[in-house]
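Notes follow the structure.
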Amino acid sequence: MPRFGTVLFDLDGTVVDTVALIRESHRHAVQTVLGTDLPDHELLANVGRPLIEQMQAFDADRAGELVRAQRAWNHAHTAELIRPYPGVAQMLADLRAAGCRVGIVTSKAGPAVQLAFDALPEVARHVEVLVAVEDTTVHKPAPDPVVHALARLGASPDDACYVGDAPFDIAAGRGAGVTALGVTWGFFPSDALADADVVFDAVPDLAGYLMRGTDG
């Protein structure tokens, strides 16, 4: 028996490897609009929040321009730079085969999610519900997107978890009353995930945890 009846995942840095894609998209935006460059840790500090909030951190007055520049470059290079995380598609397939409800809860916009799904259909086919940035008015780290996904699935937080690589994911999961699981193969190190119930460094370890029942 799987440990949870419902397993929700963040997308970027958790289910799909978009580290290089997002880093270079952000770099293009700040170079093009602001004429400057930033170190990687500053470029990626707010990944997991809505894109407009990430761009506001670079320059609040020019955030709209930054979003447009970032989005154009990102969409043009998604197929080239996105990568699968080895073992994730199989983990999703195994969860669905075991009867789990599987969903994605992301701060990414729907069209960008679709580009990711088009590039990695082996991941997309196992996703039963998607909550993108357009689906709620309040976003991570608030719990609203996770709560919305649970409602769409008719699922209880007591039998659900949310898996993410960012502190914003952990805060959203805990706020929604689900088990919050952190992973370190994405954008943030383990010390940024200190509030998670459990943190995993490898996909097989996460898969094993999810597929073992509470008595396992």
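Chain labels run A, B, ... following the order of the structure tokens; each chain numbers its residues from 1, and ligands are numbered from 1 in the order shown.
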Spatial neighbours of Ile104 of chain A, 8 Å, only C-alpha atoms, chain gap at least 2 places, as number ranges by chain: A: 8-11, 102, 106, 127, 129-131
Between segment 12-125 of chain A and segment 181-203 of chain A, at 8 Å or less, what are the per-residue closest atom pairs and their distances in Å? Count only C-alpha atoms, order by chain and rising residue number, and return it as JSON lines.
{"residue": "A:Asp12", "atom": "CA", "partner": "A:Gly186", "partner_atom": "CA", "distance": 7.4}
{"residue": "A:Gly13", "atom": "CA", "partner": "A:Gly186", "partner_atom": "CA", "distance": 3.8}
{"residue": "A:Thr14", "atom": "CA", "partner": "A:Gly186", "partner_atom": "CA", "distance": 5.9}
{"residue": "A:Asp17", "atom": "CA", "partner": "A:Gly186", "partner_atom": "CA", "distance": 7.0}
{"residue": "A:Val19", "atom": "CA", "partner": "A:Phe187", "partner_atom": "CA", "distance": 6.6}
{"residue": "A:Leu44", "atom": "CA", "partner": "A:Phe187", "partner_atom": "CA", "distance": 7.2}
{"residue": "A:Val47", "atom": "CA", "partner": "A:Phe187", "partner_atom": "CA", "distance": 7.4}
{"residue": "A:Pro86", "atom": "CA", "partner": "A:Val203", "partner_atom": "CA", "distance": 7.7}
{"residue": "A:Gly87", "atom": "CA", "partner": "A:Val203", "partner_atom": "CA", "distance": 6.4}
{"residue": "A:Val88", "atom": "CA", "partner": "A:Val203", "partner_atom": "CA", "distance": 6.7}
Could those selected residues go to a file with C-alpha atoms, as an mmCIF file, in the first residue's frame?
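Result went into part-v4.cif, see below:
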data_model
loop_
_atom_site.group_PDB
_atom_site.id
_atom_site.type_symbol
_atom_site.label_atom_id
_atom_site.label_comp_id
_atom_site.auth_asym_id
_atom_site.auth_seq_id
_atom_site.Cartn_x
_atom_site.Cartn_y
_atom_site.Cartn_z
ATOM 1 C CA ASP A 12 10.271 23.052 -11.524
ATOM 2 C CA GLY A 13 13.188 21.466 -9.721
ATOM 3 C CA THR A 14 11.034 18.640 -8.392
ATOM 4 C CA ASP A 17 14.853 19.684 -14.327
ATOM 5 C CA VAL A 19 17.438 24.665 -13.402
ATOM 6 C CA LEU A 44 17.331 31.842 -8.497
ATOM 7 C CA VAL A 47 12.151 30.350 -7.880
ATOM 8 C CA PRO A 86 15.855 10.062 -13.981
ATOM 9 C CA GLY A 87 13.330 7.870 -12.241
ATOM 10 C CA VAL A 88 10.612 10.492 -11.775
#
Residue set, segment 36-210 of chain A restricted to strand (DSSP E), as a count of residues only: 23
Contacts of Ala97 of chain A at 12 Å or less, counting only C-alpha atoms, minus same-chain residues fewer than 3 places along, as a PDB file with N, CA and C atoms, in the first residue's frame?
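Listed below is the output, selection_2.pdb:
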ATOM      1  N   MET A   1       0.835  -1.201   0.000  1.00  0.00           N
ATOM      2  CA  MET A   1       0.000   0.000   0.000  1.00  0.00           C
ATOM      3  C   MET A   1       0.871   1.253   0.000  1.00  0.00           C
ATOM      4  N   PRO A   2       0.530   2.263  -0.797  1.00  0.00           N
ATOM      5  CA  PRO A   2       1.285   3.523  -0.743  1.00  0.00           C
ATOM      6  C   PRO A   2       1.022   4.246   0.575  1.00  0.00           C
ATOM      7  N   GLY A   5      -2.811   8.591  -0.071  1.00  0.00           N
ATOM      8  CA  GLY A   5      -3.756   8.424  -1.158  1.00  0.00           C
ATOM      9  C   GLY A   5      -3.604   9.475  -2.235  1.00  0.00           C
ATOM     10  N   GLN A  90       8.857   7.091 -13.844  1.00  0.00           N
ATOM     11  CA  GLN A  90       8.509   5.765 -13.343  1.00  0.00           C
ATOM     12  C   GLN A  90       7.860   5.845 -11.969  1.00  0.00           C
ATOM     13  N   MET A  91       8.362   6.745 -11.116  1.00  0.00           N
ATOM     14  CA  MET A  91       7.757   6.935  -9.800  1.00  0.00           C
ATOM     15  C   MET A  91       6.305   7.371  -9.934  1.00  0.00           C
ATOM     16  N   LEU A  92       6.031   8.315 -10.828  1.00  0.00           N
ATOM     17  CA  LEU A  92       4.654   8.761 -11.036  1.00  0.00           C
ATOM     18  C   LEU A  92       3.777   7.624 -11.552  1.00  0.00           C
ATOM     19  N   ALA A  93       4.324   6.843 -12.480  1.00  0.00           N
ATOM     20  CA  ALA A  93       3.568   5.711 -13.018  1.00  0.00           C
ATOM     21  C   ALA A  93       3.257   4.699 -11.922  1.00  0.00           C
ATOM     22  N   ASP A  94       4.224   4.437 -11.064  1.00  0.00           N
ATOM     23  CA  ASP A  94       4.020   3.470  -9.984  1.00  0.00           C
ATOM     24  C   ASP A  94       2.981   3.969  -8.987  1.00  0.00           C
ATOM     25  N   CYS A 100      -2.846   5.888  -6.281  1.00  0.00           N
ATOM     26  CA  CYS A 100      -2.686   7.249  -5.768  1.00  0.00           C
ATOM     27  C   CYS A 100      -3.253   8.264  -6.758  1.00  0.00           C
ATOM     28  N   ARG A 101      -3.792   9.344  -6.226  1.00  0.00           N
ATOM     29  CA  ARG A 101      -4.116  10.518  -7.027  1.00  0.00           C
ATOM     30  C   ARG A 101      -2.831  11.347  -7.117  1.00  0.00           C
ATOM     31  N   VAL A 102      -2.470  11.764  -8.305  1.00  0.00           N
ATOM     32  CA  VAL A 102      -1.206  12.477  -8.527  1.00  0.00           C
ATOM     33  C   VAL A 102      -1.499  13.821  -9.174  1.00  0.00           C
ATOM     34  N   HIS A 126       0.953  11.135 -16.447  1.00  0.00           N
ATOM     35  CA  HIS A 126       0.597  10.600 -15.140  1.00  0.00           C
ATOM     36  C   HIS A 126      -0.026  11.652 -14.218  1.00  0.00           C
ATOM     37  N   MET A 211       5.961   4.772  -1.617  1.00  0.00           N
ATOM     38  CA  MET A 211       5.346   3.493  -1.933  1.00  0.00           C
ATOM     39  C   MET A 211       5.280   2.551  -0.737  1.00  0.00           C
TER      40      MET A 211
END
Helix (DSSP H, G or I) per DSSP on the backbone: members of segment 2-194 of chain A, as a ChimeraX atom specification: /A:19-34,40-43,51-58,60-81,88-97,110-119,121-124,133-135,144-153,157-159,167-176,190-193
For the residues in the current selection, export C-alpha atoms as an mmCIF file, in the first residue's frame.
data_model
loop_
_atom_site.group_PDB
_atom_site.id
_atom_site.type_symbol
_atom_site.label_atom_id
_atom_site.label_comp_id
_atom_site.auth_asym_id
_atom_site.auth_seq_id
_atom_site.Cartn_x
_atom_site.Cartn_y
_atom_site.Cartn_z
ATOM 1 C CA VAL A 19 17.438 24.665 -13.402
ATOM 2 C CA ALA A 20 19.481 25.663 -16.470
ATOM 3 C CA LEU A 21 16.385 26.843 -18.349
ATOM 4 C CA ILE A 22 15.191 29.160 -15.590
ATOM 5 C CA ARG A 23 18.671 30.392 -14.676
ATOM 6 C CA GLU A 24 19.438 31.398 -18.255
ATOM 7 C CA SER A 25 15.945 32.840 -18.793
ATOM 8 C CA HIS A 26 16.367 35.054 -15.752
ATOM 9 C CA ARG A 27 19.894 36.010 -16.829
ATOM 10 C CA HIS A 28 18.631 37.013 -20.275
ATOM 11 C CA ALA A 29 15.909 39.161 -18.714
ATOM 12 C CA VAL A 30 18.158 41.110 -16.352
ATOM 13 C CA GLN A 31 20.837 41.555 -18.994
ATOM 14 C CA THR A 32 18.370 42.672 -21.672
ATOM 15 C CA VAL A 33 16.167 44.934 -19.550
ATOM 16 C CA LEU A 34 18.509 46.133 -16.805
ATOM 17 C CA ASP A 40 23.287 32.541 -9.862
ATOM 18 C CA HIS A 41 22.128 32.529 -6.245
ATOM 19 C CA GLU A 42 20.448 35.920 -6.716
ATOM 20 C CA LEU A 43 18.917 34.933 -10.043
ATOM 21 C CA LEU A 51 7.251 34.956 -12.097
ATOM 22 C CA ILE A 52 6.102 38.538 -11.528
ATOM 23 C CA GLU A 53 7.252 38.342 -7.899
ATOM 24 C CA GLN A 54 10.619 36.941 -8.974
ATOM 25 C CA MET A 55 11.074 39.828 -11.403
ATOM 26 C CA GLN A 56 9.942 42.409 -8.834
ATOM 27 C CA ALA A 57 12.866 41.294 -6.686
ATOM 28 C CA PHE A 58 15.218 42.387 -9.489
ATOM 29 C CA ALA A 60 10.009 46.507 -8.984
ATOM 30 C CA ASP A 61 9.538 49.383 -11.440
ATOM 31 C CA ARG A 62 10.476 47.311 -14.493
ATOM 32 C CA ALA A 63 9.021 43.963 -13.451
ATOM 33 C CA GLY A 64 6.592 43.895 -16.367
ATOM 34 C CA GLU A 65 9.393 44.324 -18.895
ATOM 35 C CA LEU A 66 11.437 41.680 -17.127
ATOM 36 C CA VAL A 67 8.549 39.209 -17.225
ATOM 37 C CA ARG A 68 8.069 39.714 -20.953
ATOM 38 C CA ALA A 69 11.776 39.274 -21.691
ATOM 39 C CA GLN A 70 12.078 36.244 -19.425
ATOM 40 C CA ARG A 71 8.978 34.567 -20.789
ATOM 41 C CA ALA A 72 9.906 35.049 -24.457
ATOM 42 C CA TRP A 73 13.372 33.544 -23.962
ATOM 43 C CA ASN A 74 12.078 30.776 -21.711
ATOM 44 C CA HIS A 75 9.372 29.651 -24.110
ATOM 45 C CA ALA A 76 11.778 29.698 -27.050
ATOM 46 C CA HIS A 77 14.307 27.486 -25.244
ATOM 47 C CA THR A 78 12.150 25.124 -23.177
ATOM 48 C CA ALA A 79 12.407 22.149 -25.542
ATOM 49 C CA GLU A 80 16.172 22.655 -25.796
ATOM 50 C CA LEU A 81 17.032 23.008 -22.109
ATOM 51 C CA VAL A 88 10.612 10.492 -11.775
ATOM 52 C CA ALA A 89 8.342 9.343 -14.615
ATOM 53 C CA GLN A 90 8.509 5.765 -13.343
ATOM 54 C CA MET A 91 7.757 6.935 -9.800
ATOM 55 C CA LEU A 92 4.654 8.761 -11.036
ATOM 56 C CA ALA A 93 3.568 5.711 -13.018
ATOM 57 C CA ASP A 94 4.020 3.470 -9.984
ATOM 58 C CA LEU A 95 2.015 5.823 -7.776
ATOM 59 C CA ARG A 96 -0.873 5.897 -10.239
ATOM 60 C CA ALA A 97 -0.739 2.119 -10.636
ATOM 61 C CA GLY A 110 -0.314 27.363 -17.707
ATOM 62 C CA PRO A 111 1.226 27.925 -21.175
ATOM 63 C CA ALA A 112 4.723 27.383 -19.771
ATOM 64 C CA VAL A 113 3.558 24.204 -18.040
ATOM 65 C CA GLN A 114 2.148 22.968 -21.344
ATOM 66 C CA LEU A 115 5.510 23.542 -23.040
ATOM 67 C CA ALA A 116 7.146 21.455 -20.321
ATOM 68 C CA PHE A 117 4.532 18.725 -20.703
ATOM 69 C CA ASP A 118 4.941 18.753 -24.491
ATOM 70 C CA ALA A 119 8.698 18.267 -24.066
ATOM 71 C CA PRO A 121 5.096 13.591 -22.224
ATOM 72 C CA GLU A 122 6.321 10.663 -20.152
ATOM 73 C CA VAL A 123 5.790 12.897 -17.113
ATOM 74 C CA ALA A 124 2.609 14.643 -18.247
ATOM 75 C CA VAL A 133 -0.601 30.248 -11.232
ATOM 76 C CA GLU A 134 -3.847 31.279 -12.949
ATOM 77 C CA ASP A 135 -5.912 28.904 -10.824
ATOM 78 C CA ASP A 144 -4.204 28.176 -1.297
ATOM 79 C CA PRO A 145 -2.846 26.345 -4.386
ATOM 80 C CA VAL A 146 -2.392 23.101 -2.442
ATOM 81 C CA VAL A 147 -5.840 23.442 -0.885
ATOM 82 C CA HIS A 148 -7.287 24.057 -4.350
ATOM 83 C CA ALA A 149 -5.685 20.876 -5.718
ATOM 84 C CA LEU A 150 -7.061 18.843 -2.821
ATOM 85 C CA ALA A 151 -10.532 20.253 -3.421
ATOM 86 C CA ARG A 152 -10.420 19.400 -7.115
ATOM 87 C CA LEU A 153 -9.472 15.827 -6.255
ATOM 88 C CA PRO A 157 -5.117 16.672 3.735
ATOM 89 C CA ASP A 158 -4.736 13.894 6.307
ATOM 90 C CA ASP A 159 -4.037 11.437 3.477
ATOM 91 C CA PRO A 167 10.985 26.652 1.085
ATOM 92 C CA PHE A 168 7.850 28.184 -0.466
ATOM 93 C CA ASP A 169 6.620 24.660 -1.233
ATOM 94 C CA ILE A 170 7.209 23.480 2.303
ATOM 95 C CA ALA A 171 5.370 26.474 3.760
ATOM 96 C CA ALA A 172 2.427 25.923 1.406
ATOM 97 C CA GLY A 173 2.214 22.243 2.241
ATOM 98 C CA ARG A 174 2.362 22.772 5.970
ATOM 99 C CA GLY A 175 -0.201 25.562 5.759
ATOM 100 C CA ALA A 176 -2.549 23.251 3.859
ATOM 101 C CA SER A 190 18.666 20.970 2.355
ATOM 102 C CA ASP A 191 19.186 23.776 4.879
ATOM 103 C CA ALA A 192 16.507 25.822 3.050
ATOM 104 C CA LEU A 193 14.068 22.942 3.606
#
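For the residues A:Leu120, A:Cys161, A:Arg49, A:Pro141, ranking by smallest atom-to-atom distance to Ser107 of chain A using only C-alpha atoms places A:Arg49 first.
Atom pair atom CA of Thr136 of chain A / atom CA of Ala98 of chain A has a distance of 29.4 Å (rounded to one decimal).
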Best match for closeness to Val138 of chain A among A:Pro50, A:Ala207, A:Tyr162, A:Thr179, counting only C-alpha atoms: A:Pro50
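Distances from A:Leu210, A:Ala160, A:Val105, A:Ile82 to Thr6 of chain A were compared using only C-alpha atoms, and the smallest one belongs to A:Ala160.
Going from atom CA of Gly103 of chain A to atom CA of Asp165 of chain A covers 15.6 Å.
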